[in-house]
Structures are given as structure tokens and as C-alpha cells.
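As stored in entry.txt (compact mmCIF, C-alpha atoms and all ligand atoms):
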# COMPACT_ATOMS: atom_id res chain seq x y z
CA MET A 10 0.00 0.00 0.00
CA ILE A 11 1.25 3.49 -0.81
CA THR A 12 0.78 5.89 2.11
CA LYS A 13 -0.47 9.25 0.84
CA ILE A 14 1.04 12.28 2.57
CA ILE A 15 -1.39 15.18 2.72
CA LYS A 16 0.15 18.51 3.63
CA MET A 17 -2.29 20.92 5.24
CA ASP A 18 -2.37 24.40 3.87
CA PHE A 19 -3.70 26.77 6.47
CA SER A 20 -5.09 29.24 3.95
CA ARG A 21 -8.04 26.92 3.29
CA PRO A 22 -10.59 25.56 5.79
CA PRO A 23 -9.43 22.20 7.21
CA GLU A 24 -12.85 20.65 6.38
CA GLU A 25 -12.24 20.87 2.61
CA GLN A 26 -8.78 19.42 2.82
CA VAL A 27 -9.59 16.50 5.09
CA ARG A 28 -12.65 15.37 3.13
CA ASP A 29 -10.77 12.62 1.23
CA CYS A 30 -9.29 11.38 4.49
CA ALA A 31 -12.70 11.31 6.15
CA ASP A 32 -13.86 9.12 3.22
CA ILE A 33 -10.97 6.73 3.85
CA ILE A 34 -12.08 6.43 7.50
CA LYS A 35 -15.72 5.87 6.46
CA ARG A 36 -14.59 3.08 4.11
CA GLY A 37 -12.72 1.33 6.93
CA GLY A 38 -9.20 2.59 6.16
CA LEU A 39 -6.56 4.19 8.39
CA VAL A 40 -5.44 7.82 8.46
CA ALA A 41 -2.79 9.29 10.75
CA PHE A 42 -3.62 12.84 11.80
CA PRO A 43 -2.25 15.63 13.99
CA THR A 44 -3.67 16.38 17.43
CA GLU A 45 -2.41 18.93 19.94
CA THR A 46 -0.72 16.14 21.93
CA VAL A 47 0.85 13.69 19.44
CA TYR A 48 -0.16 12.24 16.04
CA GLY A 49 -2.92 9.63 16.18
CA LEU A 50 -3.55 6.62 13.94
CA GLY A 51 -7.27 6.89 13.20
CA GLY A 52 -9.90 4.41 12.12
CA ASN A 53 -13.69 4.14 12.55
CA ALA A 54 -14.21 3.38 16.25
CA LEU A 55 -17.46 1.52 15.57
CA ASP A 56 -15.85 -0.88 13.09
CA SER A 57 -14.09 -3.95 14.51
CA GLU A 58 -12.23 -4.55 11.27
CA ALA A 59 -10.76 -1.05 11.33
CA ALA A 60 -9.67 -1.64 14.94
CA LYS A 61 -7.93 -4.86 13.91
CA LYS A 62 -6.05 -2.96 11.18
CA ILE A 63 -4.89 -0.39 13.76
CA TYR A 64 -3.47 -3.11 16.04
CA ALA A 65 -1.78 -4.80 13.09
CA ALA A 66 -0.19 -1.61 11.69
CA LYS A 67 1.26 -0.70 15.10
CA GLY A 68 2.16 -4.22 16.17
CA ARG A 69 0.17 -3.45 19.32
CA PRO A 70 -0.93 -6.13 21.82
CA SER A 71 -4.70 -6.60 21.48
CA ASP A 72 -5.32 -6.16 25.24
CA ASN A 73 -4.18 -2.52 25.05
CA PRO A 74 -7.37 -0.48 24.42
CA LEU A 75 -7.77 2.49 22.09
CA ILE A 76 -8.98 6.01 22.85
CA ILE A 77 -12.05 7.12 20.90
CA HIS A 78 -11.97 10.70 19.65
CA ILE A 79 -15.14 12.76 19.42
CA ALA A 80 -15.91 16.15 17.86
CA ALA A 81 -17.87 17.60 20.82
CA PRO A 82 -18.02 16.60 24.51
CA GLU A 83 -21.79 15.80 24.32
CA ASP A 84 -21.10 13.20 21.60
CA ALA A 85 -19.82 10.94 24.39
CA GLU A 86 -23.48 10.22 25.28
CA ALA A 87 -23.81 7.92 22.27
CA TYR A 88 -20.83 5.74 23.20
CA CYS A 89 -20.57 5.68 26.98
CA LYS A 90 -22.38 6.28 30.26
CA THR A 91 -21.39 9.79 31.24
CA ASN A 92 -21.56 11.16 34.79
CA GLU A 93 -21.23 14.41 36.68
CA ALA A 94 -17.44 14.18 36.82
CA TYR A 95 -17.30 13.84 33.03
CA TYR A 96 -19.19 17.08 32.52
CA LYS A 97 -17.06 18.87 35.10
CA ILE A 98 -13.98 17.79 33.15
CA ALA A 99 -15.61 18.68 29.83
CA LYS A 100 -16.54 22.14 31.04
CA ALA A 101 -13.07 22.88 32.36
CA PHE A 102 -10.79 21.17 29.84
CA MET A 103 -12.52 20.10 26.61
CA PRO A 104 -11.68 20.34 23.83
CA GLY A 105 -8.14 19.66 25.03
CA PRO A 106 -5.48 17.13 26.03
CA ILE A 107 -7.53 15.00 28.43
CA THR A 108 -9.03 11.52 28.15
CA VAL A 109 -11.76 10.19 30.46
CA ILE A 110 -12.48 6.51 31.22
CA LEU A 111 -16.22 5.74 31.37
CA PRO A 112 -18.44 2.63 31.23
CA LYS A 113 -18.98 1.80 27.55
CA LYS A 114 -22.27 1.37 25.68
CA ASP A 115 -22.88 -1.69 23.48
CA ILE A 116 -22.25 0.20 20.24
CA VAL A 117 -18.50 0.34 20.99
CA PRO A 118 -16.91 -2.98 19.97
CA PHE A 119 -14.81 -4.90 22.51
CA SER A 120 -12.02 -5.00 19.92
CA VAL A 121 -11.62 -1.24 20.52
CA THR A 122 -11.66 -1.48 24.33
CA GLY A 123 -9.34 -4.48 24.54
CA GLY A 124 -12.20 -6.50 26.04
CA LEU A 125 -12.89 -3.97 28.84
CA ASP A 126 -16.37 -2.72 29.84
CA THR A 127 -15.01 0.82 29.88
CA VAL A 128 -13.98 3.12 27.06
CA ALA A 129 -11.54 6.03 26.91
CA VAL A 130 -12.98 9.21 25.32
CA ARG A 131 -11.20 12.34 24.25
CA CYS A 132 -12.27 15.51 22.45
CA PRO A 133 -9.13 16.97 20.87
CA LYS A 134 -8.58 20.68 20.31
CA ASN A 135 -6.51 20.58 17.12
CA PRO A 136 -8.66 22.00 14.26
CA VAL A 137 -7.51 19.35 11.76
CA ALA A 138 -8.40 16.54 14.17
CA ARG A 139 -11.80 18.08 14.84
CA ALA A 140 -12.52 18.60 11.15
CA LEU A 141 -11.58 14.97 10.41
CA ILE A 142 -13.88 13.58 13.12
CA SER A 143 -16.79 15.80 12.07
CA GLU A 144 -16.40 14.99 8.38
CA ALA A 145 -16.11 11.26 9.06
CA GLY A 146 -19.37 11.37 11.05
CA VAL A 147 -18.14 8.56 13.32
CA PRO A 148 -15.97 8.57 16.45
CA ILE A 149 -12.33 7.92 15.54
CA ALA A 150 -10.34 5.32 17.45
CA ALA A 151 -6.75 6.54 17.57
CA PRO A 152 -3.74 5.34 19.47
CA SER A 153 -0.51 7.28 19.00
CA ALA A 154 0.67 6.71 15.40
CA ASN A 155 3.94 4.95 16.25
CA THR A 156 5.12 1.38 16.08
CA SER A 157 4.28 -0.17 19.45
CA GLY A 158 7.09 0.54 21.94
CA ARG A 159 8.62 3.51 20.08
CA PRO A 160 8.17 7.13 21.20
CA SER A 161 4.87 8.70 20.10
CA PRO A 162 5.14 10.75 16.89
CA THR A 163 5.19 14.52 17.17
CA SER A 164 5.52 15.16 13.42
CA ALA A 165 4.30 13.56 10.19
CA ARG A 166 7.92 12.54 9.52
CA HIS A 167 7.88 10.38 12.67
CA VAL A 168 4.67 8.70 11.49
CA ILE A 169 6.23 7.92 8.10
CA GLU A 170 9.36 6.52 9.83
CA ASP A 171 7.17 3.93 11.57
CA LEU A 172 4.09 3.35 9.41
CA ASN A 173 4.96 4.08 5.78
CA SER A 174 3.17 1.64 3.45
CA LYS A 175 1.11 0.25 6.38
CA ILE A 176 -1.62 2.91 6.42
CA ASP A 177 -3.67 4.75 3.78
CA ALA A 178 -2.68 8.33 4.53
CA VAL A 179 -1.06 10.75 6.91
CA ILE A 180 -2.14 14.35 7.28
CA ASP A 181 0.87 16.60 7.85
CA GLY A 182 -0.24 19.38 10.18
CA GLY A 183 3.20 20.41 11.44
CA ASP A 184 4.80 19.71 14.83
CA SER A 185 2.58 18.77 17.77
CA GLU A 186 1.85 21.68 20.06
CA ILE A 187 2.28 19.77 23.35
CA GLY A 188 4.39 16.78 22.37
CA LEU A 189 3.22 14.33 25.09
CA GLU A 190 0.08 12.19 25.10
CA SER A 191 -3.11 13.31 26.85
CA THR A 192 -3.75 13.11 30.58
CA ILE A 193 -5.91 10.03 31.31
CA VAL A 194 -8.31 10.20 34.26
CA LEU A 195 -10.66 7.71 35.86
CA PRO A 196 -13.59 9.36 37.71
CA GLY A 197 -14.75 7.78 40.96
CA ASN A 198 -16.08 8.66 44.44
CA GLY A 199 -16.54 12.32 43.57
CA GLY A 200 -12.92 12.73 42.50
CA VAL A 201 -10.56 11.52 39.79
CA LYS A 202 -7.57 9.26 39.61
CA VAL A 203 -4.84 10.19 37.13
CA LEU A 204 -3.71 7.10 35.21
CA ARG A 205 -1.35 8.91 32.84
CA PRO A 206 -0.09 12.47 33.42
CA GLY A 207 -0.12 14.94 30.50
CA GLY A 208 -0.87 18.46 29.38
CA ILE A 209 -3.80 18.89 31.78
CA THR A 210 -1.77 18.87 34.97
CA VAL A 211 -2.56 17.54 38.44
CA GLU A 212 -2.56 21.14 39.66
CA MET A 213 -5.20 22.07 37.06
CA LEU A 214 -7.35 19.07 38.04
CA ARG A 215 -7.11 20.08 41.72
CA GLU A 216 -8.80 23.36 40.84
CA VAL A 217 -11.87 21.40 39.76
CA PHE A 218 -11.81 18.34 42.06
CA GLU A 219 -10.99 18.20 45.75
CA ASP A 220 -9.89 14.61 45.47
CA VAL A 221 -7.24 14.00 42.81
CA SER A 222 -5.12 10.89 43.28
CA LEU A 223 -2.25 9.51 41.23
CA ASP A 224 -1.90 5.97 40.01
CA GLY A 225 1.20 4.49 41.64
CA GLY A 226 2.63 3.37 38.29
CA ILE A 227 3.26 6.99 37.24
CA THR A 228 6.42 7.35 39.29
CA GLU A 229 7.06 3.83 40.60
CA LYS A 230 7.79 0.59 38.86
CA ASN A 231 4.67 -1.56 38.98
CA GLU A 232 5.91 -4.69 40.77
CA SER A 233 2.47 -5.89 41.76
CA THR A 234 0.75 -8.79 40.08
CA THR A 235 -2.52 -6.89 39.62
CA ALA A 236 -3.20 -5.41 36.20
CA PRO A 237 -2.56 -1.65 35.93
CA LEU A 238 -5.69 0.50 35.47
CA ALA A 239 -4.47 1.78 32.07
CA PRO A 240 -3.27 -1.40 30.36
CA GLY A 241 -0.87 0.51 28.08
CA MET A 242 1.13 1.76 31.06
CA LYS A 243 2.58 -1.68 31.69
CA TYR A 244 4.43 -1.94 28.40
CA ARG A 245 8.03 -0.92 27.74
CA HIS A 246 7.77 2.35 25.89
CA TYR A 247 9.71 5.22 24.38
CA ALA A 248 13.05 3.48 24.82
CA PRO A 249 15.87 4.06 22.32
CA SER A 250 18.04 1.00 21.67
CA ALA A 251 20.84 2.28 23.95
CA THR A 252 20.44 2.03 27.75
CA VAL A 253 19.05 5.24 29.26
CA PHE A 254 19.91 6.52 32.75
CA LEU A 255 17.71 9.19 34.29
CA ILE A 256 19.41 11.72 36.56
CA LYS A 257 16.89 12.75 39.18
CA ASP A 258 16.96 16.31 40.50
CA SER A 259 18.05 16.05 44.13
CA GLY A 260 16.96 19.63 44.83
CA ARG A 261 20.45 20.43 46.21
CA ALA A 262 21.75 23.93 45.58
CA ASP A 263 24.82 22.59 43.76
CA PHE A 264 22.87 20.02 41.71
CA ASP A 265 23.69 21.46 38.27
CA GLU A 266 27.39 21.79 39.03
CA ARG A 267 27.55 18.19 40.23
CA VAL A 268 25.67 16.90 37.20
CA LYS A 269 27.89 18.84 34.79
CA LYS A 270 30.97 17.34 36.46
CA PHE A 271 29.47 13.86 36.22
CA LEU A 272 28.56 14.30 32.55
CA SER A 273 31.96 15.78 31.64
CA GLY A 274 33.59 12.75 33.23
CA LYS A 275 31.44 10.42 31.12
CA LEU A 276 32.31 12.35 27.93
CA ASP A 277 36.03 12.29 28.76
CA ARG A 278 35.96 8.52 29.04
CA GLU A 279 33.56 7.94 26.11
CA PRO A 280 33.04 10.79 23.61
CA ARG A 281 30.08 8.97 22.03
CA THR A 282 28.09 9.14 25.31
CA GLY A 283 24.51 10.22 24.64
CA ILE A 284 23.19 13.09 26.74
CA ILE A 285 19.90 14.97 27.06
CA CYS A 286 20.41 18.09 29.13
CA PHE A 287 19.28 21.66 29.72
CA ASP A 288 20.28 24.62 27.51
CA GLU A 289 22.14 26.06 30.50
CA TYR A 290 24.70 23.20 30.12
CA LYS A 291 25.63 24.19 26.52
CA LYS A 292 28.91 25.86 27.44
CA ASP A 293 30.23 22.94 29.47
CA ILE A 294 28.69 19.81 27.97
CA ILE A 295 29.62 19.36 24.33
CA GLY A 296 29.70 16.15 22.33
CA LYS A 297 28.54 14.53 19.11
CA ASN A 298 25.58 12.84 20.81
CA VAL A 299 24.54 15.65 23.15
CA PHE A 300 21.03 17.09 22.79
CA TYR A 301 19.78 20.18 24.62
CA PHE A 302 16.04 20.19 25.25
CA GLY A 303 15.33 23.71 26.45
CA LYS A 304 15.99 25.89 29.47
CA LYS A 305 15.81 24.09 32.80
CA ALA A 306 12.61 25.88 33.86
CA ASP A 307 10.91 25.46 30.46
CA ASP A 308 8.89 22.25 30.91
CA GLU A 309 6.76 22.98 27.88
CA GLU A 310 9.79 23.05 25.63
CA HIS A 311 11.07 19.75 27.11
CA ALA A 312 7.67 18.21 26.41
CA LYS A 313 7.76 19.38 22.79
CA ARG A 314 11.22 18.02 22.10
CA LEU A 315 11.60 14.87 24.18
CA PHE A 316 10.13 12.28 21.78
CA ASP A 317 11.98 13.66 18.75
CA ILE A 318 15.27 13.47 20.67
CA LEU A 319 14.59 9.92 21.87
CA ARG A 320 13.95 8.89 18.25
CA ARG A 321 17.11 10.62 17.01
CA PHE A 322 19.27 8.58 19.36
CA ASP A 323 18.56 5.53 17.26
CA ASP A 324 20.53 7.15 14.41
CA THR A 325 23.55 7.75 16.65
CA ASP A 326 26.31 5.46 17.90
CA ALA A 327 25.70 6.39 21.55
CA PRO A 328 26.34 3.29 23.70
CA GLU A 329 24.62 4.82 26.76
CA ILE A 330 22.37 7.81 27.30
CA TYR A 331 22.20 10.08 30.38
CA ALA A 332 19.20 12.37 30.71
CA THR A 333 18.48 15.18 33.15
CA ALA A 334 14.96 15.68 34.49
CA SER A 335 13.57 18.77 36.16
CA ASP A 336 11.01 18.89 38.97
CA LEU A 337 7.69 17.06 39.01
CA LYS A 338 5.48 20.15 39.06
CA GLY A 339 3.02 20.92 36.28
CA VAL A 340 3.76 19.17 33.01
CA GLY A 341 7.12 18.15 34.56
CA LEU A 342 5.38 15.10 36.06
CA ALA A 343 4.40 13.88 32.58
CA ILE A 344 7.91 14.42 31.26
CA TYR A 345 9.42 12.58 34.22
CA ASN A 346 6.95 9.70 33.72
CA ARG A 347 7.90 9.31 30.02
CA MET A 348 11.61 9.56 30.83
CA LEU A 349 11.24 6.95 33.56
CA LYS A 350 9.71 4.58 31.03
CA ALA A 351 12.36 5.37 28.42
CA SER A 352 14.99 4.51 31.04
CA GLY A 353 13.24 1.36 32.22
CA PHE A 354 13.28 2.96 35.73
CA ASN A 355 17.09 3.29 35.69
CA ILE A 356 17.42 6.26 38.04
CA ILE A 357 20.69 7.72 39.27
CA GLU A 358 21.04 10.29 42.02
CA ILE A 359 24.01 12.61 42.02
O1 LIG B 1 -2.93 12.16 23.40
C1 LIG B 1 -3.36 11.02 23.25
O2 LIG B 1 -4.06 10.46 24.10
C2 LIG B 1 -3.04 10.32 21.92
C3 LIG B 1 -3.71 11.10 20.79
C4 LIG B 1 -3.58 10.42 19.46
O3 LIG B 1 -5.05 11.32 21.12
N1 LIG B 1 -3.44 8.95 21.96
C5 LIG B 1 -2.79 8.02 22.72
O4 LIG B 1 -3.29 6.74 22.57
O5 LIG B 1 -1.86 8.28 23.43
P1 LIG B 1 -2.50 5.44 23.03
O6 LIG B 1 -3.31 4.33 22.50
O7 LIG B 1 -1.10 5.51 22.59
O8 LIG B 1 -2.61 5.43 24.58
C6 LIG B 1 -3.87 5.14 25.16
C7 LIG B 1 -3.72 4.78 26.60
C8 LIG B 1 -3.13 3.41 26.81
O9 LIG B 1 -2.23 3.45 27.90
C9 LIG B 1 -4.36 2.58 27.14
O10 LIG B 1 -4.05 1.46 27.91
C10 LIG B 1 -5.24 3.56 27.88
O11 LIG B 1 -5.05 4.75 27.16
N2 LIG B 1 -6.67 3.20 27.81
C11 LIG B 1 -7.45 3.15 26.71
N3 LIG B 1 -8.69 2.70 27.03
C12 LIG B 1 -8.69 2.47 28.35
C13 LIG B 1 -9.66 2.00 29.28
N4 LIG B 1 -10.88 1.66 28.90
N5 LIG B 1 -9.30 1.89 30.58
C14 LIG B 1 -8.06 2.25 30.97
N6 LIG B 1 -7.10 2.69 30.15
C15 LIG B 1 -7.40 2.81 28.85
MG MG B 2 0.86 5.16 22.49
Transcribe the structure of this file into C-alpha cells.
Amino acid sequence: MITKIIKMDFSRPPEEQVRDCADIIKRGGLVAFPTETVYGLGGNALDSEAAKKIYAAKGRPSDNPLIIHIAAPEDAEAYCKTNEAYYKIAKAFMPGPITVILPKKDIVPFSVTGGLDTVAVRCPKNPVARALISEAGVPIAAPSANTSGRPSPTSARHVIEDLNSKIDAVIDGGDSEIGLESTIVLPGNGGVKVLRPGGITVEMLREVFEDVSLDGGITEKNESTTAPLAPGMKYRHYAPSATVFLIKDSGRADFDERVKKFLSGKLDREPRTGIICFDEYKKDIIGKNVFYFGKKADDEEHAKRLFDILRRFDDTDAPEIYATASDLKGVGLAIYNRMLKASGFNIIEI
């Protein structure tokens, strides 16, 4: 199959340009499309065959459920049993980078929910995504448009790297605005539990709900034998082929100086050492496999660039990678969570 690449031209309404892609979805085909978080691999969420094609193209385990994308928050009524918490979330954060887990209605096939009685719903903000869903006239099931296990795609080029010739089309809408996948929440007992941190932060959720708890798997390795609440969180993810070590911020006043010394030592011994560090380290930490991912305080920039950098390591000869992480506030928690997974929970304290 030849994968068509459709470049969006922002001088025309997105509806006109995505019409052919909406037809592909209606006919049961697959289209990768931009969202504000990462690129999604879309298919008709009410069509089991389309769901099977999504799992096959990604090489994704069939017990890992898909998120269904809707054009307006109220559309959720048709596919799941909504509740008060859902509408609180919708009012505060939709359209936007948040996904809510709700009991599913019969119309949603079990092939989409990985056999679960619940379904994940999300109303994205990106205008191209919204136009595609509206034009298709069906909810769109869309996991991130990467090969299972690789970092989520934040550009059409990343999608092509992984899925060229496996899907019908990809809509190129430029780089993802946020760069990390949506926040996933499970409502319950008047509050919400965060299953995956993302662009809607814990702090933002606390402004709406008194009770906001975090799933343990976000910052700790899940050693228990019980299944995690978001099945996808148990899989190895985002990892480049080289071993990644995550340097945790100790909060000490001399932290940066100590880390720079540590990293310089690594580079002296092995000039191919891979490093992800803050822009402030540019003067001292220089090497062929060193990537800077923004100023230390600029979480949003780290979020935008992390997945691209993780992918680029696979084209380098770095035998080992050392990455710095900032604090866990705001979107920093989501970045830390993805870096923990990329490192396989290899944390070093300096
Ligand atoms: O930002 C995003 O959410 C992107 C864009 C494309 O919308 N999508 C995305 O999908 O990240 P995916 O499939 O890569 O991640 C979906 C996560 C998985 O960890 C999955 O296990 C979880 O959502 N999930 C889906 N349905 C669920 C359910 N019914 N209960 C619990 N977790 C669920
Ligand atoms: Mg994914």
C-alpha cells in the first residue's frame, strides 16, 4: 500500500482538505492525523475490522485499548455512560489534552476497548483533528501513530518513519503543540484518579476536584501482580536501543554543578556518550551525541522536544544515554513519567 502524505495548507478551511481522508475512514481505512498532543492513527471506532487494522499496523498487543476521539463533549453520550465528573472535566478542559475513562455502551466494539467494559474518550482541540472527526461522522479510534514501543510521533515525519506503506494516509499538520500524550483520568467517588499524566496537569485538576489521586505506576515501577488500570502503562515504551539513565533532580543547591561534572567525566571517558540536558549546560557539555532540550525551567519546551530526541538517538552510535529531568510540578510530572519509562526505571542520584 502506498501511504499518501497530505500537507495541510492553512489558507483553506481544514474541512475541505480532510474530506478525502474522512472518506478513507468511512470506508474502513486508516489515516494518521495531527492532534495537539501527538499524532494519532485513526480508524472508525465503531468498526471492529478497522480496529484490527490499527493493532496490526502498530504491532500493538490486542489487550491494550484504544482512545475514541469525538468532535464535541456531548457526543460521548452515544458511546458511553457519562456522569457528573465527566461534565465537570468537559466544562473545564474540553476540547483539550484530556481523556476520560467511562463505562462503555454496546455500540463500541470490545475489539476497541481491549475487552474492557469501559472506554476512553477524548475531544481533541486541534482543528484538523476536529474537522476529520466531524467529516467522518463517526468517532475515531486513535492510538498514537507509532510502532508499538517507540516514542509517540510529534511530526508527520515520525509517522512515516514507523508506518509508511502500512496505512492509507497521513495528514501533515506540522509539529505537535504539546508533544506528550493526553492526561488520562478515571472518575470515581466524587474525584478523579490520574492514570497517565499529560498536558492537563494535576494542579489544574485540583482546581476542579478536591480529590485527585495519582496511580502508583506513574512514578514507581509496577511490581504488583494486579493489572494496571491503564493497560498501556505496563508496556516498555519510548526506549531508544541504547540504555538510558535518568538523573533525578536532588533539589540540592549545587545540583547542576555536580551533574555537569558527572557528565563531563562520562564524555572524557567515552566521547560517544549520549546526553539529554538543559540549555544552560551548553557551554560545558559538548559532544557529538549531546542534545539540549530547552531551558531548565521550560517544561513545555522539554515536552515538545523529548520524543523527537529519543527517536534521534537511534541514528547515533551512543552506547549509553544520560538524561536530566527537572522537577515534578506541572507538566514536569508527565515528562518525568515518560523519561522513567524510556529509562526502564534506571534512576541515578548525584
Ligand atoms: O494524546 C493522546 O491520548 C493520543 C492522541 C492520538 O489522542 N493517543 C494516545 O493513545 O496516546 P494510546 O493508544 O497511545 O494510549 C492510550 C492509553 C493506553 O495506555 C491505554 O491502555 C489507555 O489509554 N486506555 C485506553 N482505554 C482504556 C480503558 N478503557 N481503561 C483504561 N485505560 C485505557
Ligand atoms: Mg501510544
Taking only residues of chain A that have an atom at most 6 Å from an atom of ligand LIG 1 (chain B), what is each one's shortest atom pair and its distance in Å to one decimal, using all atoms listed in the file, in chain and number order, as JSON lines?
{"residue": "A:Thr46", "atom": "CA", "partner": "B:LIG1", "partner_atom": "O1", "distance": 4.8}
{"residue": "A:Val47", "atom": "CA", "partner": "B:LIG1", "partner_atom": "C3", "distance": 5.4}
{"residue": "A:Tyr48", "atom": "CA", "partner": "B:LIG1", "partner_atom": "C4", "distance": 5.2}
{"residue": "A:Gly49", "atom": "CA", "partner": "B:LIG1", "partner_atom": "C4", "distance": 3.4}
{"residue": "A:Asn73", "atom": "CA", "partner": "B:LIG1", "partner_atom": "O10", "distance": 4.9}
{"residue": "A:Pro74", "atom": "CA", "partner": "B:LIG1", "partner_atom": "C11", "distance": 4.3}
{"residue": "A:Leu75", "atom": "CA", "partner": "B:LIG1", "partner_atom": "C11", "distance": 4.7}
{"residue": "A:Ile76", "atom": "CA", "partner": "B:LIG1", "partner_atom": "C11", "distance": 5.0}
{"residue": "A:Ile110", "atom": "CA", "partner": "B:LIG1", "partner_atom": "N4", "distance": 5.6}
{"residue": "A:Thr122", "atom": "CA", "partner": "B:LIG1", "partner_atom": "N4", "distance": 5.6}
{"residue": "A:Leu125", "atom": "CA", "partner": "B:LIG1", "partner_atom": "N4", "distance": 6.0}
{"residue": "A:Thr127", "atom": "CA", "partner": "B:LIG1", "partner_atom": "N4", "distance": 4.3}
{"residue": "A:Val128", "atom": "CA", "partner": "B:LIG1", "partner_atom": "N4", "distance": 3.9}
{"residue": "A:Ala129", "atom": "CA", "partner": "B:LIG1", "partner_atom": "N3", "distance": 4.4}
{"residue": "A:Ala151", "atom": "CA", "partner": "B:LIG1", "partner_atom": "C4", "distance": 5.4}
{"residue": "A:Pro152", "atom": "CA", "partner": "B:LIG1", "partner_atom": "O6", "distance": 3.2}
{"residue": "A:Ser153", "atom": "CA", "partner": "B:LIG1", "partner_atom": "O7", "distance": 4.0}
{"residue": "A:Glu190", "atom": "CA", "partner": "B:LIG1", "partner_atom": "O1", "distance": 3.5}
{"residue": "A:Ser191", "atom": "CA", "partner": "B:LIG1", "partner_atom": "O1", "distance": 3.6}
{"residue": "A:Leu238", "atom": "CA", "partner": "B:LIG1", "partner_atom": "C14", "distance": 5.4}
{"residue": "A:Ala239", "atom": "CA", "partner": "B:LIG1", "partner_atom": "N6", "distance": 3.4}
{"residue": "A:Pro240", "atom": "CA", "partner": "B:LIG1", "partner_atom": "O10", "distance": 3.8}
{"residue": "A:Gly241", "atom": "CA", "partner": "B:LIG1", "partner_atom": "O9", "distance": 3.2}
{"residue": "A:Met242", "atom": "CA", "partner": "B:LIG1", "partner_atom": "O9", "distance": 4.9}
Pick from A:Ala351, A:Ile34, A:Ile359, A:Ala145 nearest to Arg261 of chain A, counting only C-alpha atoms: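 For Arg261 of chain A, the nearest of the candidates is A:Ile359.
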message: Excluding segment 333-340 of chain A and its own-chain neighbours fewer than 2 positions away, which residues fall within 9 Å of it when counting all atoms listed in the file? Please give them as a ChimeraX atom specification.
response: /A:206-213,254-258,260,268,284-287,305-306,308-309,312,331,342-345,348
query: How far is it from atom CA of Pro160 of chain A to atom CA of Leu172 of chain A, in Å with one decimal?
result: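 Value for the atom CA of Pro160 of chain A-atom CA of Leu172 of chain A distance: 13.0 Å.
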- request: Record the distance separating atom CA of Asp184 of chain A and atom CA of Ser164 of chain A, expressed in Å with one decimal.
  value: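 These atoms are spaced 4.8 Å apart.
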- prompt: When distances are computed from only C-alpha atoms, which of A:Gln26, A:Gly303, A:Ile294, A:Pro249 shows the smallest separation from Lys275 of chain A?
  reply: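 Result for the nearest residue to Lys275 of chain A: A:Ile294.
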- request: Identify which of the residues A:Ala140, A:Ala101, A:Ile169, A:Val203 lies closest to Glu216 of chain A, counting all atoms listed in the file when measuring atom-to-atom distances.
  value: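 For Glu216 of chain A, the nearest of the given residues is A:Ala101.
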Atom CA of Arg159 of chain A to atom CA of Val253 of chain A, distance in Å rounded to a single decimal: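 Result for atom CA of Arg159 of chain A versus atom CA of Val253 of chain A: 14.0 Å, one decimal.
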query: Smallest atom-to-atom distance to Glu58 of chain A: which of A:Ala150, A:Ala248, A:Ile357, A:Ile107, using all atoms listed in the file?
result: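 Going through A:Ala150, A:Ala248, A:Ile357, A:Ile107 one by one, the smallest distance to Glu58 of chain A is for A:Ala150.
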query: Of the residues A:Lys100, A:Arg205, A:Arg139, A:Lys269, which is the one nearest to ligand MG 2 (chain B), using all atoms listed in the file?
result: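 Once distances to ligand MG 2 (chain B) are computed over all atoms listed in the file, the minimum belongs to A:Arg205.
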message: Please list, as a PyMOL selection string, the residues that have an atom at most 9 Å away from (-2.9, 2.9, 1.2) in the coordinates of this file, counting all atoms listed in the file.
response: chain A and resi 10-13+38-39+174-178
Where is the centre and how long are the edges: axis-aligned box on segment 20-32 of chain A, 4 Å on each side, Å to one decimal, as JSON:
{"center_x": -9.5, "center_y": 19.2, "center_z": 4.2, "size_x": 16.8, "size_y": 28.1, "size_z": 14.0}
message: Between A:Cys132, A:Ile356, A:Ile77, A:Leu50, which residue has the minimum interatomic distance to ligand MG 2 (chain B), considering only C-alpha atoms and all ligand atoms?
response: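 Once distances to ligand MG 2 (chain B) are computed over only C-alpha atoms and all ligand atoms, the minimum belongs to A:Leu50.
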Could you add the missing atoms to segment 331-342 of chain A, up to N, CA, C and O atoms, and return them as an mmCIF file, in the frame of the given file?
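Writing the result to result_1.cif gives the following:
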data_model
loop_
_atom_site.group_PDB
_atom_site.id
_atom_site.type_symbol
_atom_site.label_atom_id
_atom_site.label_comp_id
_atom_site.auth_asym_id
_atom_site.auth_seq_id
_atom_site.Cartn_x
_atom_site.Cartn_y
_atom_site.Cartn_z
ATOM 1 N N TYR A 331 22.495 9.491 29.069
ATOM 2 C CA TYR A 331 22.200 10.080 30.380
ATOM 3 C C TYR A 331 21.260 11.262 30.152
ATOM 4 O O TYR A 331 21.518 12.094 29.284
ATOM 5 N N ALA A 332 20.173 11.306 30.902
ATOM 6 C CA ALA A 332 19.200 12.370 30.710
ATOM 7 C C ALA A 332 18.918 13.086 32.010
ATOM 8 O O ALA A 332 18.791 12.447 33.058
ATOM 9 N N THR A 333 18.823 14.406 31.954
ATOM 10 C CA THR A 333 18.480 15.180 33.150
ATOM 11 C C THR A 333 16.965 15.382 33.177
ATOM 12 O O THR A 333 16.333 15.514 32.134
ATOM 13 N N ALA A 334 16.400 15.408 34.371
ATOM 14 C CA ALA A 334 14.960 15.680 34.490
ATOM 15 C C ALA A 334 14.789 16.826 35.467
ATOM 16 O O ALA A 334 15.554 16.966 36.414
ATOM 17 N N SER A 335 13.794 17.675 35.217
ATOM 18 C CA SER A 335 13.570 18.770 36.160
ATOM 19 C C SER A 335 12.533 18.332 37.195
ATOM 20 O O SER A 335 12.278 17.142 37.367
ATOM 21 N N ASP A 336 11.901 19.269 37.879
ATOM 22 C CA ASP A 336 11.010 18.890 38.970
ATOM 23 C C ASP A 336 9.705 18.265 38.473
ATOM 24 O O ASP A 336 9.449 18.204 37.274
ATOM 25 N N LEU A 337 8.886 17.802 39.394
ATOM 26 C CA LEU A 337 7.690 17.060 39.010
ATOM 27 C C LEU A 337 6.437 17.929 39.023
ATOM 28 O O LEU A 337 5.320 17.432 39.017
ATOM 29 N N LYS A 338 6.643 19.243 39.049
ATOM 30 C CA LYS A 338 5.480 20.150 39.060
ATOM 31 C C LYS A 338 4.928 20.333 37.653
ATOM 32 O O LYS A 338 5.665 20.242 36.671
ATOM 33 N N GLY A 339 3.643 20.619 37.565
ATOM 34 C CA GLY A 339 3.020 20.920 36.280
ATOM 35 C C GLY A 339 3.230 19.795 35.278
ATOM 36 O O GLY A 339 3.137 18.610 35.610
ATOM 37 N N VAL A 340 3.581 20.163 34.061
ATOM 38 C CA VAL A 340 3.760 19.170 33.010
ATOM 39 C C VAL A 340 5.057 18.369 33.242
ATOM 40 O O VAL A 340 5.282 17.317 32.650
ATOM 41 N N GLY A 341 5.889 18.859 34.196
ATOM 42 C CA GLY A 341 7.120 18.150 34.560
ATOM 43 C C GLY A 341 6.854 16.714 34.993
ATOM 44 O O GLY A 341 7.663 15.822 34.738
ATOM 45 N N LEU A 342 5.709 16.465 35.621
ATOM 46 C CA LEU A 342 5.380 15.100 36.060
ATOM 47 C C LEU A 342 5.221 14.173 34.851
ATOM 48 O O LEU A 342 5.691 13.029 34.863
#
